[in-house]
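So this block is data-v4.cif, mmCIF, C-alpha atoms:
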data_input
#
loop_
_atom_site.label_atom_id
_atom_site.label_comp_id
_atom_site.auth_asym_id
_atom_site.auth_seq_id
_atom_site.Cartn_x
_atom_site.Cartn_y
_atom_site.Cartn_z
CA MET A 1 69.86 89.97 -10.77
CA ALA A 2 69.07 86.27 -11.17
CA SER A 3 65.79 85.22 -9.66
CA ALA A 4 63.30 82.39 -9.82
CA CYS A 5 59.85 81.49 -8.57
CA ILE A 6 58.71 78.35 -6.77
CA PHE A 7 55.12 77.28 -7.32
CA ASP A 8 54.00 74.67 -4.83
CA GLY A 9 50.37 75.52 -4.26
CA SER A 10 51.07 77.31 -0.96
CA THR A 11 50.06 80.84 -0.12
CA HIS A 12 52.83 83.32 -0.90
CA THR A 13 53.22 87.00 -1.73
CA GLY A 14 53.92 86.51 -5.43
CA GLU A 15 57.33 88.12 -5.07
CA GLU A 16 60.23 86.82 -7.10
CA LEU A 17 62.76 84.71 -5.23
CA ASP A 18 66.27 86.07 -5.34
CA THR A 19 68.73 83.19 -5.68
CA ARG A 20 70.82 84.82 -2.96
CA HIS A 21 67.95 84.12 -0.57
CA LEU A 22 67.99 80.48 -1.61
CA GLU A 23 71.77 80.35 -1.16
CA ALA A 24 71.42 81.76 2.37
CA PHE A 25 68.77 79.14 3.22
CA LEU A 26 70.89 76.30 1.79
CA GLY A 27 73.98 77.58 3.55
CA ALA A 28 72.20 77.65 6.92
CA VAL A 29 70.84 74.12 6.40
CA ASP A 30 74.19 72.70 5.31
CA ALA A 31 76.15 74.44 8.06
CA GLY A 32 73.50 73.96 10.75
CA SER A 33 74.09 77.56 11.80
CA VAL A 34 73.38 81.04 10.44
CA THR A 35 76.75 82.22 11.74
CA ARG A 36 78.68 79.47 9.95
CA ALA A 37 76.62 80.05 6.81
CA ALA A 38 77.64 83.71 6.86
CA GLY A 39 81.28 82.67 6.96
CA MET A 40 80.82 80.27 4.04
CA LEU A 41 79.00 82.90 1.97
CA HIS A 42 81.41 85.71 2.94
CA VAL A 43 78.64 88.00 4.15
CA THR A 44 77.53 89.19 7.59
CA GLN A 45 75.23 87.17 9.85
CA PRO A 46 72.43 89.81 9.67
CA THR A 47 72.61 89.59 5.86
CA VAL A 48 72.04 85.83 5.96
CA THR A 49 69.22 86.25 8.49
CA ASN A 50 67.51 88.95 6.41
CA ARG A 51 67.75 86.90 3.22
CA ILE A 52 66.22 83.85 4.90
CA LYS A 53 63.42 85.97 6.37
CA ALA A 54 62.77 87.47 2.93
CA LEU A 55 62.53 83.96 1.47
CA GLU A 56 60.11 82.90 4.22
CA ARG A 57 57.96 86.00 3.61
CA SER A 58 57.94 85.35 -0.12
CA LEU A 59 56.78 81.76 0.32
CA GLY A 60 54.57 82.46 3.32
CA LEU A 61 56.18 79.54 5.15
CA PRO A 62 58.63 79.12 8.02
CA LEU A 63 61.63 77.30 6.55
CA LEU A 64 64.02 77.09 9.51
CA GLU A 65 63.54 76.10 13.10
CA ARG A 66 65.74 78.21 15.36
CA LEU A 67 67.37 76.10 18.10
CA PRO A 68 69.77 77.05 20.92
CA GLY A 69 72.63 75.30 19.14
CA GLY A 70 71.81 76.36 15.58
CA VAL A 71 69.07 75.82 13.01
CA ARG A 72 67.39 72.96 11.17
CA PRO A 73 64.83 72.93 8.35
CA THR A 74 61.15 72.74 9.14
CA ARG A 75 58.92 70.29 7.31
CA ALA A 76 58.28 72.98 4.70
CA GLY A 77 62.00 73.65 4.50
CA HIS A 78 62.68 69.97 3.84
CA SER A 79 60.04 69.93 1.11
CA ILE A 80 61.74 72.66 -0.97
CA LEU A 81 65.35 71.73 -0.19
CA GLU A 82 66.22 69.79 -3.34
CA HIS A 83 64.23 72.17 -5.56
CA ALA A 84 66.15 75.09 -4.06
CA ARG A 85 69.46 73.35 -4.78
CA GLU A 86 68.44 72.75 -8.38
CA ILE A 87 67.38 76.37 -8.86
CA VAL A 88 70.72 77.64 -7.51
CA ARG A 89 72.63 75.18 -9.70
CA LEU A 90 70.66 76.13 -12.82
CA SER A 91 70.96 79.83 -12.06
CA GLY A 92 74.73 79.46 -11.82
CA ARG A 93 74.80 77.57 -15.11
CA VAL A 94 72.73 80.28 -16.83
CA ARG A 95 75.15 82.94 -15.58
CA ARG A 96 78.12 80.93 -16.82
CA LEU A 97 76.53 80.36 -20.24
CA ALA A 98 75.79 84.07 -20.50
CA ASP A 99 79.47 84.80 -19.80
CA ALA A 100 80.78 82.16 -22.16
CA SER A 101 82.10 82.87 -25.64
CA LEU A 102 84.77 81.49 -27.93
CA THR A 103 87.46 82.95 -25.68
CA PRO A 104 87.61 82.59 -21.88
CA GLN A 105 86.02 85.57 -20.21
CA GLY A 106 83.64 86.46 -17.42
CA ARG A 107 83.66 85.61 -13.75
CA ILE A 108 84.86 82.29 -12.36
CA CYS A 109 85.05 81.42 -8.67
CA VAL A 110 87.74 79.03 -7.44
CA GLY A 111 87.98 77.60 -3.92
CA ALA A 112 91.07 76.19 -2.27
CA SER A 113 92.63 75.35 1.07
CA GLU A 114 95.27 77.41 2.84
CA SER A 115 98.25 75.26 1.91
CA LEU A 116 97.34 75.07 -1.78
CA ILE A 117 96.80 78.82 -2.08
CA ASN A 118 100.15 79.56 -0.46
CA HIS A 119 102.23 76.80 -2.05
CA ARG A 120 100.60 75.69 -5.31
CA LEU A 121 98.08 78.11 -6.76
CA LEU A 122 99.74 81.53 -6.82
CA PRO A 123 101.62 80.75 -10.08
CA LEU A 124 98.32 79.50 -11.55
CA ILE A 125 96.49 82.73 -10.66
CA GLU A 126 99.35 84.81 -12.07
CA TYR A 127 99.25 82.75 -15.28
CA LEU A 128 95.48 83.22 -15.67
CA LEU A 129 95.59 86.96 -15.00
CA LEU A 130 98.34 87.52 -17.57
CA ARG A 131 97.00 85.19 -20.26
CA TYR A 132 93.25 85.89 -19.95
CA PRO A 133 92.73 89.59 -19.09
CA ASP A 134 88.97 89.29 -19.75
CA MET A 135 88.54 86.64 -17.05
CA ASP A 136 87.56 87.76 -13.55
CA VAL A 137 89.10 85.10 -11.31
CA SER A 138 87.90 85.02 -7.71
CA LEU A 139 89.94 82.83 -5.32
CA ARG A 140 88.31 81.92 -2.00
CA LEU A 141 90.02 80.39 1.01
CA SER A 142 87.91 77.52 2.34
CA THR A 143 88.10 74.12 3.96
CA PRO A 144 87.41 71.13 1.69
CA GLN A 145 84.03 70.57 3.34
CA GLU A 146 82.92 74.18 2.81
CA ALA A 147 84.26 74.22 -0.76
CA LEU A 148 82.37 71.06 -1.75
CA VAL A 149 79.07 72.45 -0.46
CA MET A 150 79.58 75.67 -2.41
CA LEU A 151 80.69 73.76 -5.52
CA ARG A 152 77.53 71.63 -5.53
CA ASN A 153 75.34 74.68 -4.91
CA GLY A 154 76.84 76.53 -7.87
CA GLN A 155 78.58 79.16 -5.72
CA MET A 156 81.98 77.93 -6.90
CA ASP A 157 83.01 76.72 -10.33
CA CYS A 158 86.12 74.75 -9.41
CA VAL A 159 87.75 73.56 -6.20
CA PHE A 160 91.34 72.58 -5.48
CA MET A 161 91.97 70.34 -2.50
CA ILE A 162 94.22 67.57 -1.22
CA GLY A 163 92.48 64.23 -1.38
CA SER A 164 92.60 60.65 -2.48
CA GLY A 165 90.47 58.50 -4.74
CA ALA A 166 87.58 59.27 -7.04
CA SER A 167 85.22 62.20 -6.68
CA ASP A 168 81.51 61.93 -5.91
CA GLU A 169 79.18 60.82 -8.71
CA ASP A 170 77.97 64.39 -9.33
CA LEU A 171 81.53 65.73 -9.54
CA GLU A 172 84.52 65.13 -11.76
CA HIS A 173 88.14 65.41 -10.69
CA CYS A 174 91.71 65.39 -11.92
CA ASP A 175 94.79 64.38 -9.90
CA LEU A 176 97.35 67.12 -10.61
CA ARG A 177 100.35 66.04 -8.54
CA PRO A 178 101.23 63.83 -5.56
CA GLU A 179 100.84 65.70 -2.28
CA PRO A 180 102.36 63.59 0.53
CA PHE A 181 101.74 64.24 4.20
CA ALA A 182 104.27 64.24 7.04
CA LEU A 183 104.03 63.51 10.76
CA VAL A 184 105.95 66.21 12.61
CA ALA A 185 106.69 67.29 16.16
CA GLY A 186 108.80 69.94 17.88
CA GLU A 187 112.43 70.00 18.94
CA ARG A 188 112.03 72.55 21.70
CA PRO A 189 113.83 71.72 24.97
CA GLY A 190 111.51 70.02 27.43
CA SER A 191 108.84 69.20 24.89
CA ARG A 192 107.41 65.70 24.80
CA ARG A 193 108.93 63.50 22.13
CA PRO A 194 106.15 61.44 20.57
CA GLY A 195 107.34 58.35 18.78
CA SER A 196 110.17 57.63 21.17
CA GLY A 197 108.22 55.86 23.91
CA GLU A 198 105.17 57.58 25.31
CA PRO A 199 102.35 57.89 22.72
CA PRO A 200 101.30 61.46 21.87
CA SER A 201 98.15 62.71 23.54
CA SER A 202 96.81 64.08 20.26
CA ILE A 203 97.25 64.00 16.52
CA LEU A 204 96.72 67.48 15.13
CA VAL A 205 95.18 67.09 11.68
CA SER A 206 95.37 69.85 9.09
CA ALA A 207 91.94 70.81 7.75
CA ASP A 208 93.51 70.83 4.27
CA LEU A 209 93.00 67.07 4.16
CA ASP A 210 89.78 66.03 2.45
CA VAL A 211 88.69 63.27 4.80
CA ARG A 212 85.98 61.87 2.49
CA HIS A 213 88.38 59.39 0.91
CA CYS A 214 91.21 59.40 3.46
CA GLY A 215 89.81 57.23 6.23
CA GLU A 216 92.48 54.60 5.62
CA LEU A 217 95.22 57.22 5.91
CA LEU A 218 93.91 58.46 9.26
CA HIS A 219 93.60 54.88 10.49
CA GLU A 220 97.24 54.28 9.49
CA VAL A 221 98.31 57.32 11.52
CA GLU A 222 96.39 56.14 14.58
CA SER A 223 97.93 52.66 14.29
CA THR A 224 101.42 54.06 13.78
CA LEU A 225 101.40 56.45 16.72
CA ARG A 226 98.81 54.82 19.01
CA ALA A 227 97.53 58.29 19.85
CA GLY A 228 94.52 58.91 22.04
CA ARG A 229 92.57 61.31 19.84
CA MET A 230 92.61 63.42 16.71
CA LEU A 231 92.04 67.15 16.68
CA ARG A 232 91.13 68.77 13.36
CA LEU A 233 92.24 72.40 13.07
CA ASP A 234 91.46 74.92 10.33
CA SER A 235 94.80 76.71 10.61
CA ILE A 236 98.06 75.16 9.35
CA THR A 237 99.97 77.68 11.44
CA ALA A 238 98.11 76.53 14.56
CA VAL A 239 98.90 72.87 13.83
CA LYS A 240 102.60 73.67 13.38
CA ARG A 241 102.87 75.81 16.49
CA LEU A 242 101.05 73.28 18.69
CA ALA A 243 103.23 70.48 17.33
CA GLU A 244 106.33 72.60 17.90
CA SER A 245 105.35 73.18 21.54
CA GLY A 246 104.82 69.46 22.19
CA ILE A 247 101.02 69.42 22.42
CA GLY A 248 100.80 66.64 19.85
CA VAL A 249 101.94 65.35 16.48
CA GLY A 250 101.01 67.36 13.40
CA LEU A 251 99.69 65.68 10.26
CA LEU A 252 100.42 68.21 7.52
CA PRO A 253 101.17 68.38 3.80
CA GLU A 254 104.92 68.05 3.37
CA VAL A 255 105.10 71.21 1.29
CA THR A 256 103.84 73.27 4.25
CA VAL A 257 106.56 72.09 6.66
CA ALA A 258 109.59 71.96 4.35
CA ASP A 259 111.04 75.22 5.72
CA ASP A 260 110.26 74.25 9.33
CA LEU A 261 112.07 70.92 8.91
CA ALA A 262 115.04 72.63 7.28
CA ASP A 263 115.26 75.23 10.06
CA GLY A 264 114.94 72.61 12.80
CA ARG A 265 111.72 74.02 14.26
CA LEU A 266 110.01 70.70 13.48
CA ARG A 267 111.23 67.16 12.99
CA ARG A 268 109.73 64.06 11.45
CA VAL A 269 108.36 61.77 14.13
CA VAL A 270 108.83 58.66 11.99
CA ASP A 271 109.96 58.03 8.44
CA TRP A 272 106.36 57.35 7.45
CA ARG A 273 104.73 57.13 4.05
CA PRO A 274 101.01 56.32 3.88
CA ALA A 275 99.79 53.37 1.86
CA THR A 276 97.00 55.61 0.56
CA PRO A 277 98.55 58.28 -1.70
CA THR A 278 97.15 61.80 -1.62
CA TYR A 279 97.09 64.31 -4.45
CA THR A 280 96.39 67.92 -5.23
CA GLN A 281 93.08 67.57 -7.03
CA ALA A 282 90.88 69.82 -9.13
CA LEU A 283 87.13 69.16 -8.82
CA TRP A 284 84.22 70.54 -10.83
CA ARG A 285 80.58 69.71 -11.47
CA ARG A 286 79.99 66.94 -13.97
CA GLY A 287 79.12 68.36 -17.38
CA ASP A 288 80.48 71.86 -16.75
CA THR A 289 83.64 71.62 -18.87
CA GLY A 290 81.85 73.33 -21.79
CA HIS A 291 82.32 76.60 -19.89
CA PRO A 292 85.37 78.24 -21.59
CA ALA A 293 86.65 79.93 -18.42
CA LEU A 294 86.50 76.68 -16.46
CA HIS A 295 88.21 74.83 -19.29
CA ALA A 296 90.97 77.47 -19.26
CA VAL A 297 91.46 77.11 -15.50
CA LEU A 298 91.65 73.31 -15.68
CA LYS A 299 94.04 73.39 -18.64
CA ALA A 300 96.26 75.95 -16.90
CA ALA A 301 96.22 73.89 -13.69
CA SER A 302 97.35 70.83 -15.63
CA ASP A 303 100.20 72.85 -17.16
CA VAL A 304 101.26 74.92 -14.13
CA VAL A 305 100.32 73.07 -10.94
CA SER A 306 101.35 69.64 -12.18
CA THR A 307 104.89 70.86 -12.90
CA GLY A 308 105.20 73.70 -10.38
#
Let me see whether you can do it: turn the structure in this file into structure tokens.
Amino acid sequence: MASACIFDGSTHTGEELDTRHLEAFLGAVDAGSVTRAAGMLHVTQPTVTNRIKALERSLGLPLLERLPGGVRPTRAGHSILEHAREIVRLSGRVRRLADASLTPQGRICVGASESLINHRLLPLIEYLLLRYPDMDVSLRLSTPQEALVMLRNGQMDCVFMIGSGASDEDLEHCDLRPEPFALVAGERPGSRRPGSGEPPSSILVSADLDVRHCGELLHEVESTLRAGRMLRLDSITAVKRLAESGIGVGLLPEVTVADDLADGRLRRVVDWRPATPTYTQALWRRGDTGHPALHAVLKAASDVVSTG
């Protein structure tokens, strides 16, 4: 089990620090909630709580301030935050180097949004499983925001998402294929018909969209439809069903609504194409491409996803 020690001159028990304890602490800080951190880490809430308490006992310091609406780091928590991130990142790199050899093998964790898993990545996973039997590929469903946190913390090795523009300075990315969005609404009798007079009350935004670099796109949508507000939903199915029932206009990847448009359950509100193009992107930490398994995933994605 990977572990590390932090020496900061404070009184502590001398116990080794399990990196899982650091991951739980970082998850709670980033999510602002132990419950949300548990969801991001795919463990139970008591597990996250126990790991944080174990970390606090080991350091002899309270690291989180428990509030009615969530948690926030104490002064001591702030002081170790960046060191904890670096330890988790380095621990992940050590594990990957230990797994690496001349042929791709070992465990690799990939994160992706709902639409990409269902419509783009299944052929990629099948390709990897058949071609590299010694690779243990773990695919996690996550929103772009959750995936980026886990990627930076070393809990994921690669992330696929729909976005636009360059990645952050600590990440690298590759645009695999154009991934246009569509504005859709329902055709059910009696439903409101946004775009034909009265502005829609809401724009229902799919959480698959990485909003870091898509502010212009969202502004275009607001200007086009003159809607009152935007609601961001984690579930594509929920966006489609609410749009179908007339609650608002859905902003969704075209690939996720192709069947609904063909069947007549949804219709395009306007023949709209954003000025800011969006793509299916692969993202990874800068400098990590020496990892054979990651290199194999990125090469396969370029071959399979780009042409799929």
(message) Please expand the PyMOL selection byres ((chain A and resi 72) around 10) into the concrete residues it hits in this file, giving the result as number ranges by chain.
(response) A: 28-33, 63-67, 69-71, 73-75, 77-78
Output of the above residues as a PDB file, in the coordinates of the input, restricted to C-alpha atoms:
ATOM      1  CA  ALA A  28      72.200  77.650   6.920  1.00  0.00           C
ATOM      2  CA  VAL A  29      70.840  74.120   6.400  1.00  0.00           C
ATOM      3  CA  ASP A  30      74.190  72.700   5.310  1.00  0.00           C
ATOM      4  CA  ALA A  31      76.150  74.440   8.060  1.00  0.00           C
ATOM      5  CA  GLY A  32      73.500  73.960  10.750  1.00  0.00           C
ATOM      6  CA  SER A  33      74.090  77.560  11.800  1.00  0.00           C
ATOM      7  CA  LEU A  63      61.630  77.300   6.550  1.00  0.00           C
ATOM      8  CA  LEU A  64      64.020  77.090   9.510  1.00  0.00           C
ATOM      9  CA  GLU A  65      63.540  76.100  13.100  1.00  0.00           C
ATOM     10  CA  ARG A  66      65.740  78.210  15.360  1.00  0.00           C
ATOM     11  CA  LEU A  67      67.370  76.100  18.100  1.00  0.00           C
ATOM     12  CA  GLY A  69      72.630  75.300  19.140  1.00  0.00           C
ATOM     13  CA  GLY A  70      71.810  76.360  15.580  1.00  0.00           C
ATOM     14  CA  VAL A  71      69.070  75.820  13.010  1.00  0.00           C
ATOM     15  CA  PRO A  73      64.830  72.930   8.350  1.00  0.00           C
ATOM     16  CA  THR A  74      61.150  72.740   9.140  1.00  0.00           C
ATOM     17  CA  ARG A  75      58.920  70.290   7.310  1.00  0.00           C
ATOM     18  CA  GLY A  77      62.000  73.650   4.500  1.00  0.00           C
ATOM     19  CA  HIS A  78      62.680  69.970   3.840  1.00  0.00           C
TER      20      HIS A  78
END
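Using only C-alpha atoms, the smallest distance between any of A:Ser235, A:Ser245, A:Asn153, A:Thr280 and Phe181 (chain A) comes from A:Thr280.
Interatomic distance, CA of Leu183 (chain A) to CA of Glu254 (chain A): 8.7 Å.
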(message) I'd like the interatomic distance between CA of Ala38 (chain A) and CA of Leu209 (chain A), to a tenth of an Å.
(response)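 These atoms are spaced 22.8 Å apart.
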(message) Report, in Å with one decimal, the straight-line distance from CA of Thr44 (chain A) to CA of Leu121 (chain A).
(response)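 Computing the Euclidean distance for CA of Thr44 (chain A) and CA of Leu121 (chain A) yields 27.4 Å.
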Expected axis-aligned box over every listed atom of region 232-245 of chain A, 8 Å added per side, centre plus edges in Å to one decimal, as AutoDock Vina command-line options:
--center_x 98.7 --center_y 73.2 --center_z 15.4 --size_x 31.2 --size_y 24.9 --size_z 28.2
(request) Would you please work out which residue, of A:Gly163, A:Pro180, A:Gly287, A:Gly154, is nearest to Arg95 (chain A) when using only C-alpha atoms? (result) A:Gly154
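The list of residues with at least one atom within 9 Å of Arg89 (chain A), based on all atoms listed in the file and without residues fewer than 4 positions apart in the same chain, reads Ala84, Arg85, Arg93, Val94, Arg152, Asn153, Gly154 and Gln155 of chain A.
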